[in-house]
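**Q** For reference, the file start.cif (mmCIF, C-alpha atoms) is included below:
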data_query
loop_
_atom_site.label_atom_id
_atom_site.label_comp_id
_atom_site.auth_asym_id
_atom_site.auth_seq_id
_atom_site.Cartn_x
_atom_site.Cartn_y
_atom_site.Cartn_z
CA MET C 89 118.08 -101.40 -102.77
CA ASN C 90 118.83 -100.30 -99.21
CA LEU C 91 119.44 -102.87 -96.47
CA VAL C 92 116.10 -102.48 -94.69
CA LEU C 93 114.12 -102.91 -97.91
CA SER C 94 116.32 -105.83 -98.95
CA VAL C 95 115.72 -107.64 -95.65
CA GLY C 96 111.99 -106.91 -95.88
CA VAL C 97 111.70 -108.31 -99.40
CA THR C 98 113.69 -111.40 -98.37
CA LEU C 99 111.54 -112.10 -95.32
CA ILE C 100 108.27 -111.62 -97.19
CA THR C 101 109.40 -113.88 -100.05
CA LEU C 102 110.53 -116.66 -97.74
CA ALA C 103 107.40 -116.27 -95.57
CA VAL C 104 105.15 -116.74 -98.60
CA ILE C 105 107.03 -119.84 -99.80
CA LEU C 106 107.18 -121.44 -96.35
CA GLY C 107 103.55 -120.49 -95.77
CA CYS C 108 102.58 -122.37 -98.91
CA PHE C 109 104.54 -125.38 -97.70
CA ALA C 110 102.86 -125.24 -94.29
CA LEU C 111 99.44 -124.97 -95.95
CA VAL C 112 100.08 -128.05 -98.11
CA ILE C 113 101.32 -130.09 -95.13
CA GLN C 114 98.41 -128.98 -92.93
CA THR C 115 95.93 -129.83 -95.66
CA ARG C 116 97.50 -133.28 -95.97
CA LYS C 117 97.36 -133.90 -92.21
CA SER C 118 93.77 -132.77 -91.91
CA GLU C 119 92.45 -135.28 -94.43
CA LYS C 120 89.97 -137.61 -92.73
CA TYR C 121 90.56 -140.52 -95.08
CA LYS C 122 94.07 -141.42 -96.25
CA GLU C 123 92.96 -143.77 -99.03
CA ALA C 124 90.19 -143.69 -101.64
CA THR C 125 86.78 -144.05 -100.02
CA GLU C 126 83.11 -144.25 -100.86
CA GLN C 127 82.35 -141.65 -98.17
CA THR C 128 81.00 -138.33 -99.46
CA LEU C 129 81.19 -134.83 -98.08
CA GLY C 130 77.43 -134.82 -97.55
CA HIS C 131 76.38 -132.30 -100.17
CA GLU C 132 74.80 -132.81 -103.57
CA PHE C 133 74.36 -130.64 -106.64
CA ASP C 134 72.22 -131.70 -109.57
CA GLY C 135 72.55 -135.31 -108.52
CA ILE C 136 76.34 -135.12 -108.18
CA GLU C 137 78.04 -135.92 -104.89
CA GLU C 138 81.67 -135.26 -103.91
CA TYR C 139 83.77 -138.06 -102.45
CA ASP C 140 85.87 -137.32 -99.38
CA ASN C 141 89.04 -138.64 -101.05
CA PRO C 142 92.51 -137.40 -100.13
CA LEU C 143 94.59 -135.27 -102.47
CA PRO C 144 96.29 -137.60 -105.00
CA ARG C 145 99.85 -138.35 -103.91
CA TRP C 146 101.33 -137.28 -107.26
CA TRP C 147 99.56 -133.95 -106.97
CA PHE C 148 100.80 -133.45 -103.42
CA ASN C 149 104.34 -134.33 -104.53
CA LEU C 150 104.17 -131.76 -107.33
CA PHE C 151 103.32 -129.07 -104.79
CA VAL C 152 106.31 -130.05 -102.66
CA ILE C 153 108.65 -130.25 -105.66
CA THR C 154 107.54 -126.78 -106.80
CA ILE C 155 108.25 -125.31 -103.37
CA VAL C 156 111.67 -126.98 -103.17
CA PHE C 157 112.48 -125.79 -106.70
CA GLY C 158 111.59 -122.23 -105.69
CA LEU C 159 113.93 -122.33 -102.69
CA VAL C 160 116.79 -123.80 -104.73
CA TYR C 161 116.26 -121.21 -107.47
CA LEU C 162 116.42 -118.36 -104.96
CA MET C 163 119.68 -119.76 -103.60
CA LEU C 164 121.26 -119.87 -107.07
CA TYR C 165 119.82 -116.74 -108.71
CA PRO C 166 118.85 -113.19 -107.58
CA GLY C 167 115.45 -112.87 -105.95
CA LEU C 168 116.01 -112.34 -102.23
CA GLY C 169 116.62 -108.63 -101.88
CA ASN C 170 120.27 -107.75 -102.52
CA PHE C 171 121.41 -111.37 -102.49
CA GLN C 172 122.88 -112.06 -105.93
CA GLY C 173 122.67 -115.84 -105.79
CA LEU C 174 125.44 -118.40 -105.49
CA LEU C 175 125.99 -118.49 -109.26
CA GLY C 176 126.52 -114.73 -109.46
CA TRP C 177 124.26 -114.47 -112.52
CA SER C 178 122.52 -111.23 -113.53
CA SER C 179 120.58 -110.17 -116.59
CA LYS C 180 122.95 -107.21 -116.98
CA GLY C 181 125.95 -109.53 -116.86
CA GLN C 182 124.44 -111.85 -119.44
CA TYR C 183 123.61 -108.87 -121.68
CA ASN C 184 127.17 -107.53 -121.42
CA THR C 185 128.60 -110.96 -122.20
CA GLU C 186 126.41 -111.37 -125.28
CA MET C 187 127.16 -107.84 -126.45
CA ALA C 188 130.90 -108.38 -126.01
CA TYR C 189 130.66 -111.58 -128.06
CA ALA C 190 128.66 -109.83 -130.77
CA ASP C 191 131.07 -106.89 -130.87
CA GLU C 192 134.03 -109.23 -131.27
CA HIS C 193 132.27 -111.49 -133.77
CA TYR C 194 130.99 -108.70 -136.03
CA LYS C 195 133.84 -106.23 -135.51
CA PRO C 196 135.54 -107.02 -138.86
CA VAL C 197 132.26 -106.40 -140.70
CA PHE C 198 131.75 -102.98 -139.13
CA GLU C 199 135.41 -102.06 -139.61
CA LYS C 200 135.22 -102.84 -143.32
CA TYR C 201 132.45 -100.36 -144.07
CA ALA C 202 133.36 -97.82 -141.37
CA ALA C 203 136.72 -97.41 -143.09
CA LEU C 204 134.90 -95.63 -145.93
CA PRO C 205 134.39 -91.86 -145.76
CA ILE C 206 130.86 -91.05 -144.62
CA GLU C 207 129.90 -89.65 -148.04
CA GLU C 208 130.95 -92.91 -149.72
CA ALA C 209 129.39 -95.13 -147.06
CA ALA C 210 126.14 -93.21 -147.58
CA LYS C 211 126.13 -94.49 -151.19
CA ASN C 212 126.96 -98.11 -150.31
CA PRO C 213 123.74 -100.18 -150.00
CA VAL C 214 125.23 -102.59 -147.45
CA ALA C 215 126.65 -99.82 -145.27
CA VAL C 216 123.36 -97.91 -145.43
CA GLN C 217 121.42 -101.02 -144.48
CA MET C 218 123.69 -101.62 -141.49
CA GLY C 219 123.29 -97.98 -140.45
CA GLN C 220 119.54 -98.22 -140.82
CA ARG C 221 119.39 -101.19 -138.45
CA LEU C 222 121.47 -99.25 -135.92
CA PHE C 223 119.09 -96.32 -136.36
CA LEU C 224 116.01 -98.45 -135.79
CA ASN C 225 117.50 -99.89 -132.59
CA ASN C 226 118.83 -96.64 -131.16
CA CYS C 227 117.16 -93.61 -132.73
CA ALA C 228 113.70 -94.53 -134.02
CA VAL C 229 112.05 -94.13 -130.62
CA CYS C 230 112.53 -90.35 -130.96
CA HIS C 231 112.95 -89.67 -134.68
CA GLY C 232 110.52 -92.32 -135.93
CA SER C 233 111.17 -95.45 -137.96
CA GLN C 234 111.39 -93.39 -141.17
CA ALA C 235 113.40 -90.60 -139.49
CA GLN C 236 110.47 -88.25 -140.11
CA GLY C 237 110.71 -86.81 -136.60
CA GLY C 238 107.85 -85.55 -134.48
CA HIS C 239 106.93 -82.82 -132.02
CA GLY C 240 110.24 -81.79 -130.47
CA PHE C 241 112.26 -84.25 -132.57
CA PRO C 242 113.73 -83.07 -135.90
CA ASN C 243 113.02 -84.61 -139.26
CA LEU C 244 116.35 -86.01 -140.49
CA GLY C 245 115.38 -86.27 -144.14
CA ASP C 246 114.56 -82.67 -145.08
CA ASN C 247 118.06 -81.15 -145.16
CA ASP C 248 117.08 -78.56 -142.52
CA TRP C 249 119.61 -78.85 -139.70
CA LEU C 250 119.83 -77.22 -136.30
CA TYR C 251 123.57 -77.86 -135.94
CA GLY C 252 124.48 -78.55 -139.55
CA GLY C 253 124.23 -81.53 -141.86
CA ALA C 254 127.85 -81.98 -142.90
CA PRO C 255 129.18 -85.53 -142.35
CA ASP C 256 131.56 -84.55 -139.55
CA THR C 257 128.85 -82.49 -137.84
CA ILE C 258 126.38 -85.38 -137.89
CA LEU C 259 129.13 -87.64 -136.55
CA ALA C 260 129.84 -85.19 -133.72
CA THR C 261 126.14 -84.87 -132.89
CA ILE C 262 125.67 -88.63 -132.58
CA THR C 263 128.92 -89.10 -130.68
CA ASN C 264 128.64 -86.30 -128.12
CA GLY C 265 124.96 -85.44 -128.17
CA ARG C 266 123.43 -81.97 -128.18
CA THR C 267 121.70 -79.83 -125.57
CA GLY C 268 119.52 -76.99 -126.76
CA GLY C 269 117.58 -74.42 -124.83
CA MET C 270 115.13 -71.65 -125.66
CA PRO C 271 114.69 -69.24 -122.71
CA ALA C 272 111.23 -68.34 -121.46
CA TRP C 273 110.26 -64.72 -122.18
CA GLY C 274 106.85 -64.66 -120.52
CA ASP C 275 107.92 -62.56 -117.54
CA ALA C 276 110.06 -60.19 -119.61
CA LEU C 277 107.54 -59.52 -122.38
CA GLY C 278 104.15 -59.99 -120.76
CA GLU C 279 101.28 -61.57 -122.63
CA ASP C 280 100.80 -58.69 -125.06
CA GLY C 281 104.52 -58.66 -125.87
CA ILE C 282 104.50 -62.43 -126.40
CA GLU C 283 101.67 -62.12 -128.92
CA ASP C 284 103.40 -59.26 -130.74
CA VAL C 285 106.66 -61.18 -131.10
CA ALA C 286 104.75 -64.29 -132.17
CA ASN C 287 103.11 -62.30 -134.97
CA TYR C 288 106.51 -61.01 -136.06
CA VAL C 289 107.90 -64.56 -136.10
CA LEU C 290 104.92 -65.64 -138.23
CA SER C 291 105.72 -62.83 -140.65
CA LEU C 292 109.27 -64.08 -141.09
CA SER C 293 108.02 -67.32 -142.67
CA GLY C 294 105.27 -65.65 -144.68
CA GLN C 295 102.39 -66.98 -142.61
CA PRO C 296 99.17 -65.08 -141.91
CA HIS C 297 99.69 -62.60 -139.07
CA ASN C 298 98.54 -59.34 -137.54
CA THR C 299 100.58 -56.65 -139.29
CA ASP C 300 100.30 -54.06 -136.51
CA ALA C 301 101.26 -56.60 -133.83
CA ALA C 302 104.20 -57.82 -135.93
CA ALA C 303 105.48 -54.26 -136.27
CA ARG C 304 105.39 -53.85 -132.50
CA GLY C 305 107.01 -57.26 -131.98
CA GLN C 306 109.94 -56.56 -134.31
CA ALA C 307 111.62 -54.27 -131.78
CA ASN C 308 111.44 -56.88 -129.04
CA PHE C 309 112.69 -59.54 -131.43
CA GLN C 310 115.70 -57.40 -132.36
CA ALA C 311 116.44 -56.74 -128.69
CA LEU C 312 115.98 -60.25 -127.30
CA CYS C 313 116.17 -62.83 -130.08
CA THR C 314 118.79 -61.80 -132.61
CA ALA C 315 121.70 -62.99 -130.45
CA CYS C 316 120.69 -66.55 -131.30
CA HIS C 317 118.40 -66.36 -134.32
CA GLY C 318 120.22 -63.52 -136.07
CA PRO C 319 118.80 -60.14 -137.14
CA ASP C 320 117.03 -61.71 -140.12
CA GLY C 321 115.75 -64.74 -138.14
CA GLN C 322 117.72 -67.26 -140.18
CA GLY C 323 119.26 -68.87 -137.11
CA GLN C 324 122.78 -69.97 -136.28
CA GLN C 325 123.83 -73.60 -136.59
CA ALA C 326 126.79 -72.99 -134.28
CA LEU C 327 124.28 -72.43 -131.47
CA GLY C 328 121.60 -74.82 -132.66
CA ALA C 329 119.24 -71.85 -133.09
CA PRO C 330 116.63 -72.69 -135.75
CA ASN C 331 115.91 -70.76 -138.91
CA LEU C 332 112.56 -69.00 -138.40
CA THR C 333 112.07 -68.08 -142.06
CA ASP C 334 111.73 -71.51 -143.70
CA ASN C 335 108.41 -72.58 -142.13
CA ILE C 336 109.97 -75.75 -140.72
CA TRP C 337 109.18 -76.04 -137.03
CA LEU C 338 110.45 -78.31 -134.30
CA TYR C 339 107.64 -77.57 -131.85
CA GLY C 340 104.98 -76.38 -134.26
CA GLY C 341 104.56 -73.14 -136.22
CA SER C 342 101.02 -72.11 -135.38
CA PHE C 343 100.32 -68.94 -133.43
CA ALA C 344 99.47 -71.02 -130.35
CA ASP C 345 102.66 -73.09 -130.64
CA ILE C 346 104.89 -70.05 -131.09
CA THR C 347 103.34 -68.17 -128.15
CA GLN C 348 103.80 -71.30 -126.03
CA THR C 349 107.47 -71.45 -127.02
CA LEU C 350 108.03 -67.76 -126.29
CA ARG C 351 106.11 -67.81 -123.04
CA ASN C 352 107.62 -70.93 -121.44
CA GLY C 353 110.75 -71.66 -123.44
CA ARG C 354 111.88 -75.04 -124.74
CA ALA C 355 114.53 -77.53 -123.65
CA GLY C 356 115.77 -80.29 -125.92
CA ALA C 357 118.47 -82.90 -125.56
CA MET C 358 120.05 -85.35 -127.96
CA PRO C 359 121.81 -88.08 -125.92
CA ALA C 360 125.47 -88.87 -126.53
CA HIS C 361 126.06 -92.31 -128.01
CA LYS C 362 129.81 -92.58 -127.51
CA ASP C 363 129.30 -94.81 -124.46
CA LEU C 364 126.55 -96.83 -126.12
CA LEU C 365 128.00 -97.62 -129.54
CA SER C 366 131.47 -98.23 -130.90
CA ALA C 367 133.12 -95.62 -133.12
CA ASP C 368 132.58 -97.85 -136.18
CA LYS C 369 128.85 -98.20 -135.47
CA ILE C 370 128.49 -94.46 -134.92
CA LYS C 371 130.15 -93.79 -138.26
CA LEU C 372 127.78 -96.16 -140.08
CA LEU C 373 124.86 -94.57 -138.27
CA ALA C 374 126.08 -91.14 -139.36
CA ALA C 375 126.35 -92.41 -142.94
CA TYR C 376 122.74 -93.58 -142.84
CA VAL C 377 121.51 -90.26 -141.46
CA TYR C 378 123.55 -88.40 -144.08
CA SER C 379 122.04 -90.58 -146.82
CA LEU C 380 118.50 -89.59 -145.82
CA SER C 381 118.95 -86.03 -147.10
CA HIS C 382 121.38 -86.91 -149.90
CA LYS C 383 119.50 -89.40 -152.02
#
Would you mind giving the structure from this file in structure tokens?

**A**
Amino acid sequence: MNLVLSVGVTLITLAVILGCFALVIQTRKSEKYKEATEQTLGHEFDGIEEYDNPLPRWWFNLFVITIVFGLVYLMLYPGLGNFQGLLGWSSKGQYNTEMAYADEHYKPVFEKYAALPIEEAAKNPVAVQMGQRLFLNNCAVCHGSQAQGGHGFPNLGDNDWLYGGAPDTILATITNGRTGGMPAWGDALGEDGIEDVANYVLSLSGQPHNTDAAARGQANFQALCTACHGPDGQGQQALGAPNLTDNIWLYGGSFADITQTLRNGRAGAMPAHKDLLSADKIKLLAAYVYSLSHK
């Protein structure tokens, strides 16, 4: 937060608190009667009249105590712009402290199972369960709780891999992340060319297509797409280029989906977890992912 905004937030916060205090004091001073009285305010509703009694002292004291508590709290903890509080507490600091304690406390447990080769850990029920919990906390938001994937996020249980499903490859993917990109061909091909290539791509996986359009699209595919997907469309795991012949699609395999991909391209990213999880946790996570397609 920049200095001007910090000062503004601080002034507004203090003004509101002090304004509340001034309002309570002014209300107390303006009371006509300081003790309980039989005098009423002069209005009646359904036979009920309101006495002109002062605010109960205990209630008034609670207001004052609340205001004082708020000021003391803001002196001890963050809340006034960039001021961190006299105690130096922060939610991030508390999180880091608790995570450091947990890492130290559970480190021997993770080390025990992470010492196993990934293939063996993938067969160990305890190791798999630990990896599953790591998956649910770190990966399920994209790949789903059952690792079934979704639009733009691969299914991890079908043994169809963009970068390969070997244990070391999965470990590298989780550790360092992946960045994939499909260039947009809309300007180069034009709309008719996009539709022709889309029909050819449909033909590669045996889906219904326009035969004449597919024949025209084959030439453009060979000229523009084989560098990544290969001349037969079976992809290259070294590049993360998907196999177009197996009818498994990351962004959808309908004619509309394929034309959208060709026209505008796609950009996908798998975040690196090396700064988020320890090496032992990443290995157990890799073992769980490996186990999904190796029952």

**Q** Please determine, counting all atoms listed in the file, which residue among C:Ile262, C:Leu164, C:Ile336, C:Leu380 has the shortest atom-to-atom distance to Leu290 in chain C.

**A** C:Ile336

**Q** Would you tabulate, counting only C-alpha atoms, all residues of range 314-354 of chain C that have an atom at most 6 Å from an atom of range 248-259 of chain C, showing the closest pair of atoms and their distance in Å to one decimal, sorted by chain then ascending number, as CSV?

**A**
residue,atom,partner,partner_atom,distance
C:Gln325,CA,C:Tyr251,CA,4.3
C:Gly328,CA,C:Leu250,CA,4.7
C:Pro330,CA,C:Leu250,CA,5.6

**Q** Pick out the residues sitting within 12 Å of range 361-368 of chain C, and hand them over as an MDAnalysis selection string; count only C-alpha atoms, and ignore anything fewer than 2 positions along from it in its own chain.

**A** chainID C and resid 184 187:188 190:192 194:206 209 215 218:219 222:223 225:227 259:266 358:359 370:375

**Q** From the options C:Asn335, C:Trp273, C:Gly245, C:Ala326, which residue's atoms come nearest to Pro296 in chain C, counting only C-alpha atoms?

**A** C:Asn335

**Q** Can you pull out every residue within 10 Å of Leu102 in chain C, counting only C-alpha atoms, but drop anything in the same chain fewer than 3 positions away, and send it as a ChimeraX atom specification?

**A** /C:97-99,105-108,158-159,162,168

**Q** Could you pull the residues within 6 Å of range 317-321 of chain C, counting only C-alpha atoms, minus those fewer than 4 positions along the same chain, as a PyMOL selection string?

**A** chain C and resi 313+329+332

**Q** Have a look at C:Val92, C:Tyr165, C:Tyr288, C:Asn212 and name the one nearest to Ser178 in chain C; count all atoms listed in the file.

**A** C:Tyr165

**Q** Using the chain letters and numbers from the file, give me the residues hit by the PyMOL selection byres ((chain C and resi 89) around 8), as number ranges by chain.

**A** C: 90-91, 93-94, 169-170

**Q** From the options C:Leu244, C:Met270, C:Leu350, C:Val160, which residue's atoms come nearest to Asn287 in chain C, counting all atoms listed in the file?

**A**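 Of C:Leu244, C:Met270, C:Leu350, C:Val160, the one nearest Asn287 in chain C, counting all atoms listed in the file, is C:Leu350.
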
**Q** Taking all atoms listed in the file into account, name the residue in C:Ala315, C:Asp246, C:Gly323, C:Ala272 that is nearest to Gly353 in chain C.

**A**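 Closest to Gly353 in chain C, using all atoms listed in the file: C:Ala272.
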
**Q** Given the choices C:Glu137, C:Asp334, C:Asp275, C:Glu207, which gets closest to Ser291 in chain C if the distance is worked out from only C-alpha atoms?

**A**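 That would be C:Asp334, the residue with the smallest distance to Ser291 in chain C.
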
**Q** Centre and edge lengths, as JSON, for the axis-aligned box enclosing every listed atom of range 231-246 of chain C with 6 Å of padding on each of the six sides, in Å to one decimal?

**A**
{"center_x": 111.6, "center_y": -88.6, "center_z": -137.8, "size_x": 21.4, "size_y": 25.7, "size_z": 26.6}

**Q** For CA of Val285 in chain C and CA of Phe309 in chain C, determine how far apart the two atoms are, in Å to one decimal place.

**A** 6.3 Å

**Q** For a test of reading the model, state the distance in Å between CA of Ala303 in chain C and CA of Tyr339 in chain C, rounded to one decimal.

**A**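 Taking CA of Ala303 in chain C as the start and CA of Tyr339 in chain C as the end point, the length is 23.8 Å.
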
**Q** Could you tell me which residues the PyMOL selection byres ((chain C and resi 148) around 12) returns for this structure, as a ChimeraX atom specification?

**A** /C:109,111-117,142-147,149-155

**Q** Run the PyMOL selection byres ((chain C and resi 126) around 9) mentally over the shown coordinates, then write out the matched residues as a list in words, using the chain letters and numbers from the document.

**A**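 Applied to this file, the PyMOL selection byres ((chain C and resi 126) around 9) selects Ala124, Thr125, Gln127, Thr128, Tyr139, Asp140 and Asn141 of chain C.
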